[in-house]
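Quick look at input-v8.tsv (TSV, C-alpha atoms and all ligand atoms):
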chain	number	residue	atom	x	y	z
A	1	MET	CA	24.68	25.71	75.58
A	2	LYS	CA	23.90	29.28	76.54
A	3	ALA	CA	23.59	31.77	73.67
A	4	VAL	CA	22.17	35.21	72.95
A	5	VAL	CA	19.82	34.90	69.99
A	6	ILE	CA	16.96	36.41	68.10
A	7	THR	CA	14.24	33.78	67.73
A	8	GLU	CA	12.41	35.53	64.88
A	9	GLN	CA	12.57	38.72	62.87
A	10	GLY	CA	11.87	41.70	65.09
A	11	ALA	CA	12.47	39.84	68.35
A	12	ALA	CA	14.75	41.42	70.95
A	13	PRO	CA	18.03	39.60	71.67
A	14	ARG	CA	17.70	37.21	74.62
A	15	SER	CA	19.67	34.53	76.36
A	16	VAL	CA	18.46	30.96	75.72
A	17	ASP	CA	19.67	27.38	75.97
A	18	ILE	CA	20.22	25.72	72.59
A	19	ALA	CA	21.95	22.57	71.39
A	20	LYS	CA	25.75	22.64	71.30
A	21	PRO	CA	26.78	22.69	67.61
A	22	GLN	CA	28.87	19.93	66.04
A	23	PRO	CA	31.59	20.67	63.48
A	24	GLY	CA	30.81	19.56	59.93
A	25	ALA	CA	33.45	18.62	57.37
A	26	GLY	CA	36.05	21.38	57.13
A	27	GLU	CA	34.73	23.07	60.27
A	28	VAL	CA	36.28	23.88	63.62
A	29	LEU	CA	34.30	23.83	66.88
A	30	VAL	CA	35.45	26.70	69.09
A	31	LYS	CA	34.74	27.03	72.81
A	32	VAL	CA	34.13	30.76	72.82
A	33	ARG	CA	35.64	32.89	75.56
A	34	ALA	CA	35.07	36.37	74.15
A	35	SER	CA	33.31	38.31	71.44
A	36	SER	CA	32.30	41.92	70.81
A	37	ILE	CA	29.52	44.05	69.39
A	38	ASN	CA	29.67	45.36	65.84
A	39	GLY	CA	27.32	47.44	63.74
A	40	PHE	CA	26.58	44.21	61.88
A	41	ASP	CA	24.90	42.82	65.01
A	42	THR	CA	22.68	45.86	65.41
A	43	ALA	CA	21.81	45.58	61.70
A	44	VAL	CA	20.78	41.93	62.17
A	45	VAL	CA	18.61	42.81	65.20
A	46	ALA	CA	17.04	45.71	63.27
A	47	GLY	CA	16.14	43.34	60.42
A	48	TYR	CA	18.26	45.14	57.81
A	49	LEU	CA	19.71	41.85	56.54
A	50	ALA	CA	16.42	39.95	56.43
A	51	ALA	CA	16.12	40.22	52.66
A	52	MET	CA	19.83	39.78	52.00
A	53	MET	CA	20.87	36.62	53.84
A	54	GLU	CA	19.16	33.41	54.87
A	55	HIS	CA	18.40	33.50	58.62
A	56	ARG	CA	18.42	30.12	60.41
A	57	TYR	CA	16.57	30.74	63.66
A	58	PRO	CA	17.39	30.94	66.43
A	59	VAL	CA	20.07	33.25	65.05
A	60	VAL	CA	23.02	33.42	67.47
A	61	LEU	CA	24.36	36.97	67.33
A	62	GLY	CA	28.01	38.02	67.31
A	63	LYS	CA	30.42	38.09	64.34
A	64	ASP	CA	33.59	38.10	66.43
A	65	PHE	CA	34.94	35.23	68.49
A	66	ALA	CA	38.06	34.21	70.39
A	67	GLY	CA	38.52	30.96	72.27
A	68	THR	CA	39.90	27.44	72.16
A	69	VAL	CA	39.46	24.72	69.56
A	70	GLU	CA	37.31	22.02	71.17
A	71	ALA	CA	36.96	19.65	68.19
A	72	VAL	CA	37.59	19.58	64.46
A	73	GLY	CA	35.52	18.12	61.61
A	74	ALA	CA	36.70	15.82	58.83
A	75	GLY	CA	39.40	17.29	56.63
A	76	VAL	CA	40.51	20.03	59.01
A	77	THR	CA	44.27	20.40	58.73
A	78	ARG	CA	45.04	23.95	59.86
A	79	PHE	CA	43.78	23.67	63.43
A	80	ALA	CA	44.00	21.15	66.25
A	81	VAL	CA	42.19	20.64	69.54
A	82	GLY	CA	43.56	23.03	72.14
A	83	ASP	CA	44.65	25.80	69.73
A	84	THR	CA	43.77	29.32	70.85
A	85	VAL	CA	42.04	31.01	67.92
A	86	PHE	CA	40.10	34.14	67.01
A	87	GLY	CA	38.29	35.55	64.05
A	88	VAL	CA	35.00	36.42	62.40
A	89	VAL	CA	32.12	33.98	61.88
A	90	THR	CA	31.83	33.96	58.08
A	91	LYS	CA	29.09	31.81	56.58
A	92	ALA	CA	26.65	32.15	53.71
A	93	PHE	CA	23.74	32.21	56.19
A	94	LEU	CA	23.05	33.82	59.56
A	95	GLY	CA	22.57	31.47	62.49
A	96	ASP	CA	25.92	30.75	64.11
A	97	GLY	CA	27.62	33.43	66.16
A	98	GLY	CA	30.09	34.35	68.84
A	99	PHE	CA	27.48	35.22	71.49
A	100	GLY	CA	27.25	31.53	72.41
A	101	GLU	CA	29.41	29.15	74.42
A	102	TYR	CA	30.40	27.26	71.26
A	103	VAL	CA	30.49	28.14	67.57
A	104	THR	CA	31.46	26.22	64.44
A	105	VAL	CA	33.46	28.07	61.81
A	106	PRO	CA	34.95	26.94	58.49
A	107	GLN	CA	38.74	26.53	58.61
A	108	ALA	CA	38.92	28.23	55.20
A	109	ILE	CA	37.89	31.76	56.20
A	110	GLY	CA	37.56	33.89	59.31
A	111	ILE	CA	39.81	32.00	61.75
A	112	ALA	CA	43.47	32.24	62.73
A	113	LYS	CA	45.67	31.12	65.61
A	114	LEU	CA	46.29	33.59	68.38
A	115	PRO	CA	49.92	34.11	69.37
A	116	ASP	CA	50.91	33.54	73.01
A	117	GLY	CA	50.55	36.52	75.28
A	118	VAL	CA	47.55	38.10	73.57
A	119	ASP	CA	44.57	38.70	75.87
A	120	VAL	CA	41.69	36.57	74.59
A	121	ASN	CA	39.17	39.26	75.56
A	122	VAL	CA	41.00	41.77	73.40
A	123	ALA	CA	41.29	39.26	70.54
A	124	GLY	CA	37.52	38.75	70.76
A	125	ALA	CA	37.08	42.43	69.91
A	126	LEU	CA	39.59	42.48	67.06
A	127	GLY	CA	38.35	40.36	64.14
A	128	LEU	CA	35.72	42.32	62.23
A	129	ALA	CA	36.79	45.84	63.19
A	130	GLY	CA	40.43	45.03	62.50
A	131	THR	CA	39.66	43.43	59.16
A	132	ALA	CA	37.49	46.36	58.10
A	133	ALA	CA	40.26	48.80	59.06
A	134	VAL	CA	42.90	46.83	57.14
A	135	ASP	CA	40.69	46.38	54.06
A	136	ALA	CA	39.66	50.04	54.02
A	137	LEU	CA	43.24	51.24	54.31
A	138	ASP	CA	44.43	48.75	51.68
A	139	ALA	CA	41.80	50.17	49.33
A	140	VAL	CA	43.16	53.72	49.57
A	141	ALA	CA	46.80	52.61	50.10
A	142	PRO	CA	48.12	55.77	51.76
A	143	ARG	CA	51.78	56.50	51.11
A	144	ALA	CA	54.15	58.14	53.58
A	145	GLY	CA	53.56	61.87	53.60
A	146	GLU	CA	50.01	61.68	52.26
A	147	THR	CA	47.10	63.02	54.27
A	148	VAL	CA	44.28	60.67	55.31
A	149	LEU	CA	40.99	61.86	56.77
A	150	ILE	CA	39.34	59.21	58.96
A	151	SER	CA	35.66	59.97	59.49
A	152	GLY	CA	34.43	57.84	62.38
A	153	ALA	CA	37.87	57.58	63.98
A	154	THR	CA	36.52	57.03	67.51
A	155	GLY	CA	34.75	53.75	66.74
A	156	GLY	CA	36.07	50.21	66.68
A	157	VAL	CA	37.16	50.32	63.04
A	158	GLY	CA	38.43	53.88	63.25
A	159	ALA	CA	40.55	53.28	66.35
A	160	ILE	CA	42.49	50.60	64.49
A	161	ALA	CA	42.59	52.51	61.19
A	162	VAL	CA	44.11	55.58	62.87
A	163	GLN	CA	46.98	53.47	64.20
A	164	TYR	CA	47.69	51.77	60.87
A	165	ALA	CA	47.43	54.99	58.86
A	166	ALA	CA	49.87	56.73	61.21
A	167	ALA	CA	52.21	53.71	61.11
A	168	ALA	CA	52.20	53.94	57.29
A	169	GLY	CA	53.64	57.42	57.61
A	170	ALA	CA	50.48	59.26	56.62
A	171	THR	CA	49.36	62.48	58.24
A	172	VAL	CA	46.13	61.50	59.95
A	173	ILE	CA	43.19	63.86	60.35
A	174	ALA	CA	40.65	62.19	62.63
A	175	THR	CA	37.08	63.12	63.52
A	176	ALA	CA	36.20	63.33	67.22
A	177	LYS	CA	34.14	65.45	69.53
A	178	PRO	CA	36.09	67.79	71.83
A	179	GLY	CA	37.30	66.40	75.16
A	180	ALA	CA	37.85	62.71	75.87
A	181	GLU	CA	37.15	61.66	72.26
A	182	THR	CA	39.80	64.06	70.96
A	183	GLU	CA	42.34	62.83	73.51
A	184	PHE	CA	41.48	59.25	72.54
A	185	VAL	CA	42.28	59.64	68.83
A	186	ARG	CA	45.39	61.71	69.55
A	187	GLY	CA	46.59	58.89	71.78
A	188	LEU	CA	46.19	56.49	68.86
A	189	GLY	CA	48.36	58.63	66.58
A	190	ALA	CA	46.07	61.22	64.97
A	191	HIS	CA	47.98	64.37	64.04
A	192	THR	CA	44.98	66.67	63.67
A	193	VAL	CA	41.53	66.28	65.17
A	194	VAL	CA	38.40	67.78	63.60
A	195	ASP	CA	35.06	68.02	65.37
A	196	HIS	CA	32.34	66.40	63.23
A	197	THR	CA	29.64	68.20	65.22
A	198	GLY	CA	31.01	71.53	63.90
A	199	ASP	CA	31.95	72.77	60.40
A	200	LEU	CA	33.93	69.73	59.31
A	201	PRO	CA	34.90	70.93	55.80
A	202	ALA	CA	36.25	74.22	57.15
A	203	GLN	CA	38.35	72.45	59.78
A	204	VAL	CA	39.75	69.95	57.26
A	205	ARG	CA	40.58	72.70	54.74
A	206	ALA	CA	42.33	74.66	57.47
A	207	ALA	CA	44.44	71.62	58.31
A	208	SER	CA	45.11	70.58	54.70
A	209	PRO	CA	44.37	73.47	52.29
A	210	ALA	CA	45.21	71.41	49.18
A	211	GLY	CA	42.71	68.71	50.17
A	212	VAL	CA	43.23	65.21	51.53
A	213	ASP	CA	44.71	62.33	49.55
A	214	ALA	CA	42.45	59.70	51.05
A	215	VAL	CA	39.29	59.42	53.10
A	216	LEU	CA	38.10	56.51	55.19
A	217	HIS	CA	34.34	56.85	55.44
A	218	LEU	CA	33.36	54.93	58.59
A	219	ALA	CA	30.67	57.44	59.65
A	220	GLY	CA	29.26	60.75	58.50
A	221	ASP	CA	28.15	62.08	55.13
A	222	SER	CA	30.14	60.75	52.17
A	223	ALA	CA	28.86	63.51	49.85
A	224	THR	CA	30.54	66.08	52.10
A	225	LEU	CA	33.70	64.01	52.51
A	226	ILE	CA	34.36	63.62	48.77
A	227	THR	CA	34.45	67.41	48.39
A	228	LEU	CA	37.56	67.40	50.59
A	229	LEU	CA	39.60	65.07	48.34
A	230	THR	CA	42.42	66.24	46.09
A	231	GLU	CA	41.98	65.66	42.36
A	232	LYS	CA	43.65	62.24	42.64
A	233	GLY	CA	42.13	61.47	46.03
A	234	ARG	CA	40.62	58.09	46.95
A	235	ILE	CA	37.83	57.14	49.33
A	236	ALA	CA	36.97	53.81	50.94
A	237	SER	CA	33.66	53.34	52.73
A	238	THR	CA	32.50	50.63	55.10
A	239	LEU	CA	28.97	52.01	54.80
A	240	GLY	CA	28.29	51.26	51.13
A	241	PRO	CA	28.89	52.63	47.64
A	242	VAL	CA	30.05	56.25	47.31
A	243	GLU	CA	29.53	58.43	44.22
A	244	HIS	CA	33.17	59.00	43.33
A	245	PRO	CA	35.37	57.54	40.56
A	246	ALA	CA	38.10	56.48	42.99
A	247	SER	CA	35.88	54.88	45.62
A	248	THR	CA	35.79	51.41	47.14
A	249	ALA	CA	32.84	49.93	49.02
A	250	VAL	CA	34.61	47.78	51.60
A	251	MET	CA	33.30	44.33	52.40
A	252	ALA	CA	35.54	43.19	55.24
A	253	THR	CA	37.02	39.80	54.28
A	254	PRO	CA	38.76	38.09	57.21
A	255	THR	CA	41.41	36.13	55.36
A	256	GLU	CA	44.10	34.20	57.19
A	257	THR	CA	46.65	36.79	56.01
A	258	THR	CA	44.70	39.70	57.46
A	259	LEU	CA	43.89	37.97	60.76
A	260	ASP	CA	47.51	36.83	61.15
A	261	ARG	CA	48.70	40.38	60.55
A	262	LEU	CA	46.30	41.79	63.13
A	263	ALA	CA	47.19	39.19	65.74
A	264	GLY	CA	50.91	39.58	65.07
A	265	ASP	CA	50.72	43.35	65.45
A	266	LEU	CA	48.73	42.96	68.66
A	267	ALA	CA	51.26	40.48	70.06
A	268	ALA	CA	54.19	42.71	69.09
A	269	GLY	CA	52.64	45.78	70.69
A	270	ARG	CA	52.32	47.60	67.35
A	271	LEU	CA	48.52	47.67	67.68
A	272	THR	CA	46.16	48.26	70.57
A	273	VAL	CA	42.46	47.48	70.58
A	274	PRO	CA	40.82	49.97	72.92
A	275	VAL	CA	38.00	48.28	74.84
A	276	ALA	CA	35.58	50.78	76.37
A	277	GLY	CA	33.59	48.23	78.35
A	278	THR	CA	33.21	44.51	78.99
A	279	TYR	CA	29.83	42.80	79.40
A	280	SER	CA	28.71	39.23	80.12
A	281	LEU	CA	26.34	37.31	77.85
A	282	ASP	CA	23.48	38.18	80.22
A	283	GLU	CA	24.35	41.86	79.83
A	284	VAL	CA	24.23	41.87	76.01
A	285	PRO	CA	21.01	43.95	75.87
A	286	ALA	CA	22.72	46.67	77.92
A	287	ALA	CA	25.81	46.34	75.73
A	288	PHE	CA	23.70	46.98	72.62
A	289	ALA	CA	22.23	50.10	74.23
A	290	ASP	CA	25.65	51.43	75.19
A	291	PHE	CA	27.07	50.63	71.74
A	292	ALA	CA	24.24	52.60	70.13
A	293	GLY	CA	25.12	55.56	72.35
A	294	GLY	CA	28.65	55.69	70.90
A	295	THR	CA	31.74	54.18	72.48
A	296	LEU	CA	35.44	54.90	72.30
A	297	GLY	CA	36.73	51.81	70.56
A	298	LYS	CA	35.12	48.44	71.19
A	299	ILE	CA	32.61	46.83	73.52
A	300	SER	CA	33.77	43.37	74.55
A	301	ILE	CA	31.52	40.45	75.50
A	302	THR	CA	32.90	37.87	77.91
A	303	VAL	CA	31.34	34.52	77.08
A	304	ALA	CA	33.19	32.13	79.39
B	1	LIG	N1	31.41	46.84	55.27
B	1	LIG	C1	31.96	46.10	56.24
B	1	LIG	O1	32.47	45.01	55.98
B	1	LIG	C2	31.98	46.64	57.64
B	1	LIG	C3	32.77	46.04	58.62
B	1	LIG	C4	32.83	46.62	59.89
B	1	LIG	C5	32.07	47.74	60.16
B	1	LIG	N2	31.26	48.27	59.20
B	1	LIG	C6	30.49	49.49	59.45
B	1	LIG	O2	31.44	50.56	59.56
B	1	LIG	C7	30.94	51.53	60.47
B	1	LIG	C8	31.98	51.76	61.57
B	1	LIG	O3	32.09	50.60	62.35
B	1	LIG	P1	32.52	50.66	63.86
B	1	LIG	O4	32.48	49.28	64.38
B	1	LIG	O5	33.76	51.44	64.01
B	1	LIG	O6	31.29	51.49	64.47
B	1	LIG	P2	31.21	52.30	65.82
B	1	LIG	O7	32.10	51.65	66.82
B	1	LIG	O8	29.78	52.50	66.11
B	1	LIG	O9	31.90	53.70	65.45
B	1	LIG	C9	31.32	54.72	64.71
B	1	LIG	C10	31.91	56.01	65.28
B	1	LIG	O10	31.56	57.09	64.44
B	1	LIG	C11	31.33	58.23	65.26
B	1	LIG	N3	30.44	59.11	64.52
B	1	LIG	C12	29.09	59.17	64.53
B	1	LIG	N4	28.65	60.08	63.66
B	1	LIG	C13	29.74	60.63	63.09
B	1	LIG	C14	29.94	61.63	62.11
B	1	LIG	N5	28.91	62.28	61.54
B	1	LIG	N6	31.19	61.94	61.74
B	1	LIG	C15	32.25	61.30	62.30
B	1	LIG	N7	32.14	60.34	63.25
B	1	LIG	C16	30.89	60.01	63.64
B	1	LIG	C17	30.76	57.69	66.54
B	1	LIG	O11	31.17	58.48	67.63
B	1	LIG	P3	30.30	59.69	68.23
B	1	LIG	O12	28.91	59.62	67.68
B	1	LIG	O13	30.35	59.48	69.72
B	1	LIG	O14	31.04	60.90	67.80
B	1	LIG	C18	31.40	56.31	66.65
B	1	LIG	O15	32.50	56.31	67.54
B	1	LIG	C19	29.63	50.97	61.02
B	1	LIG	O16	28.57	51.53	60.28
B	1	LIG	C20	29.71	49.49	60.73
B	1	LIG	O17	28.45	48.87	60.60
B	1	LIG	C21	31.20	47.74	57.95

Could you quickly redo this structure as structure tokens?
Ligand SMILES: NC(=O)c1ccc[n+]([C@@H]2O[C@H](COP(=O)([O-])OP(=O)(O)OC[C@H]3O[C@@H](n4cnc5c(N)ncnc54)[C@H](OP(=O)(O)O)[C@@H]3O)[C@@H](O)[C@H]2O)c1
Amino acid sequence: MKAVVITEQGAAPRSVDIAKPQPGAGEVLVKVRASSINGFDTAVVAGYLAAMMEHRYPVVLGKDFAGTVEAVGAGVTRFAVGDTVFGVVTKAFLGDGGFGEYVTVPQAIGIAKLPDGVDVNVAGALGLAGTAAVDALDAVAPRAGETVLISGATGGVGAIAVQYAAAAGATVIATAKPGAETEFVRGLGAHTVVDHTGDLPAQVRAASPAGVDAVLHLAGDSATLITLLTEKGRIASTLGPVEHPASTAVMATPTETTLDRLAGDLAAGRLTVPVAGTYSLDEVPAAFADFAGGTLGKISITVA
């Protein structure tokens, strides 16, 4: 099958032909139709995970996937051949990914059925970003009427978090540059937009003089962000530990419950996944470059 891989540490991603995987016990073989780029993929390519996770080369890139169940391994009960599914490749090692024509995933974590009517290309951009947004918001649990500052609101995670925070009844302050980025986050439900290239603390204090009840740290400087919290404020970060007593370092965990919620909200029109661009497998190197330059929402990869 065709896949975009790194063949060794430090190698650039490239398209190769490798053997089609076979599902082991408890695994589902998915014929992938779409995926997307996440910061995780750039971290793998940069070698940041080399000391943290076993790499089984060639490492197929891509955490996200959406497609059709092609076969199931022994003991698989939740999925059947022909099901349309999506999710996040979640294994103890790096090697299998969504930037290939087929991927095997465990039925136990990181896969859910896709309701009818959901665009598979959109679903392929939903899994990791959506899970991170849900987990980060769950960690700070904003109540109606509370103020939430979302730092990194224009990215894949932020675009989903803004919508969920607004739907929870929170007043959302979102970071964005002036112009199209500001319009983008307003369109997703942000009440106030602050420009992170200017004096962010001054703008946030002007909007919420008593401080903010919660911060989602998806980008920017956490040390600055914690100074904007109220006394009982909470912060959740997808970037790592933050020096604050009420902080959570989010490790996105794509449970069936979370993926079902995301897919259900997408199907019901309660959630949109903004896709800034769509690239083929052959165009993945260009997609990485564009992702690094900053995108509004997600970059989708069409696999088949
Ligand atoms: N822990 C986990 O399980 C987990 C899961 C998913 C993602 N993540 C991480 O969470 C982060 C966000 O993910 P993502 O997929 O949304 O990334 P992304 O799509 O690259 O979005 C990041 C956004 O932050 C903006 N930004 C850059 N510098 C900023 C600053 N100083 N203040 C405010 N905004 C700024 C960027 O826009 P401009 O530069 O154009 O303004 C960009 O739109 C990434 O670091 C990713 O690796 C972690």

* Selection near segment 141-158 of chain A, 6 Å with all atoms listed in the file, sequence-local residues under 6 positions removed, as a PyMOL selection string -> chain A and resi 129+133+168-175+212-219+296-298

Fewer than 3 positions away in the same chain doesn't count, so skip those; otherwise give me all residues within 10 Å of Arg186 of chain A, counting all atoms listed in the file, as a PDB file with C-alpha atoms, in the frame of the given file.
ATOM      1  CA  VAL A 162      44.110  55.580  62.870  1.00  0.00           C
ATOM      2  CA  GLN A 163      46.980  53.470  64.200  1.00  0.00           C
ATOM      3  CA  VAL A 172      46.130  61.500  59.950  1.00  0.00           C
ATOM      4  CA  ILE A 173      43.190  63.860  60.350  1.00  0.00           C
ATOM      5  CA  ALA A 174      40.650  62.190  62.630  1.00  0.00           C
ATOM      6  CA  ALA A 176      36.200  63.330  67.220  1.00  0.00           C
ATOM      7  CA  ALA A 180      37.850  62.710  75.870  1.00  0.00           C
ATOM      8  CA  GLU A 181      37.150  61.660  72.260  1.00  0.00           C
ATOM      9  CA  THR A 182      39.800  64.060  70.960  1.00  0.00           C
ATOM     10  CA  GLU A 183      42.340  62.830  73.510  1.00  0.00           C
ATOM     11  CA  GLY A 189      48.360  58.630  66.580  1.00  0.00           C
ATOM     12  CA  ALA A 190      46.070  61.220  64.970  1.00  0.00           C
ATOM     13  CA  HIS A 191      47.980  64.370  64.040  1.00  0.00           C
ATOM     14  CA  THR A 192      44.980  66.670  63.670  1.00  0.00           C
ATOM     15  CA  VAL A 193      41.530  66.280  65.170  1.00  0.00           C
TER      16      VAL A 193
END

* Atom pair atom CA of Thr131 of chain A / atom N1 of ligand LIG 1 (chain B): separation (Å) -> 9.7 Å

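Pairwise distance (atom CA of Thr227 of chain A, atom P2 of ligand LIG 1 (chain B)) equals 23.3 Å.
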
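For Thr238 of chain A, the list of residues within 8 Å, based on all atoms listed in the file and with local chain neighbours fewer than 3 positions off taken out, reads A:Ala132, A:Ala136, A:His217, A:Leu218, A:Ala249, A:Val250, A:Met251.
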
* Within 7 Å of Ser36 of chain A, counting all atoms listed in the file, which residues show up once you throw out same-chain ones fewer than 5 positions away? Write them as a PyMOL selection string, please. => chain A and resi 62+64+124-125+299-301
